[in-house]
Amino acid sequence: MKRDKIIFYVATGLLTLLMFFSAGMYFFNHAEVAKMFTAFGYPTYIIYPYAIAKILGLVALWFFRGKFINEWAYAGYFFAFILAFFAHFMIGDGEQTGAVIATVLLIVSYIYSKKI
């Protein structure tokens, strides 16, 4: 039981750091992120709402454990990470590693959230 809690908190904590870093880039390095979104073919007006959604997802992961909204947060992150992987893969910029790491952390966090 204690091992499961440690794994959950480490995986979720690392995922939280990754999401805060990502959302921080969206807020504080908007010009670079806008270039990246333009390269993907995405509209740049979704950058700020997407950053807010990432932060709200973290709130759902930490404070609504075991609830319906928590499941939606995990699902939303899962689809976002899979789509991010393929977006980076399709334009060939070699930046898909972050999406793979985030997906692994998310899956570990989800599995161990069910065990504790």
# chains A, B, ... in the order shown; residues from 1 in each chain; ligands from 1

call {"tool": "residues_around", "arguments": {"residues": "Gly57 of chain A", "least_positions_apart": "6", "cutoff": "12 Å", "atoms": "only C-alpha atoms", "output": "PyMOL selection string"}}
result
chain A and resi 12+15-16+19-20+23+50-51+63-65+69-78+80+106

call {"tool": "residues_around", "arguments": {"residues": "Glu95 of chain A", "least_positions_apart": "4", "cutoff": "12 Å", "atoms": "only C-alpha atoms", "output": "VMD selection string"}}
result
chain A and resid 36 84 to 91 99 to 101

call {"tool": "residues_around", "arguments": {"residues": "segment 3-9 of chain A", "least_positions_apart": "5", "cutoff": "10 Å", "atoms": "only C-alpha atoms", "output": "PyMOL selection string"}}
result
chain A and resi 14-15+62+105-106+108-116

call {"tool": "residues_around", "arguments": {"residues": "Ile47 of chain A", "least_positions_apart": "3", "cutoff": "9 Å", "atoms": "only C-alpha atoms", "output": "PDB file with C-alpha atoms, in the first residue's frame"}}
result
ATOM      1  CA  TYR A  26       2.152  29.100 -22.994  1.00  0.00           C
ATOM      2  CA  PHE A  27       1.729  32.162 -20.751  1.00  0.00           C
ATOM      3  CA  HIS A  30       3.724  33.143 -26.140  1.00  0.00           C
ATOM      4  CA  VAL A  33       4.487  28.795 -28.697  1.00  0.00           C
ATOM      5  CA  ALA A  34       2.517  30.722 -31.323  1.00  0.00           C
ATOM      6  CA  PHE A  37       1.073  26.250 -33.097  1.00  0.00           C
ATOM      7  CA  PRO A  43      -5.017  28.712 -34.430  1.00  0.00           C
ATOM      8  CA  THR A  44      -3.005  30.754 -31.955  1.00  0.00           C
ATOM      9  CA  TYR A  50      -5.326  25.486 -23.480  1.00  0.00           C
ATOM     10  CA  ALA A  51      -2.899  26.592 -20.753  1.00  0.00           C
ATOM     11  CA  ILE A  52      -5.809  27.258 -18.403  1.00  0.00           C
TER      12      ILE A  52
END

call {"tool": "atom_distance", "arguments": {"atom1": "atom CA of Asp93 of chain A", "atom2": "atom CA of Phe79 of chain A"}}
result
20.0 Å

call {"tool": "closest_residue", "arguments": {"among": "A:Ile107, A:Met1, A:Leu83, A:Leu58", "to": "Gly13 of chain A", "atoms": "only C-alpha atoms"}}
result
A:Leu58
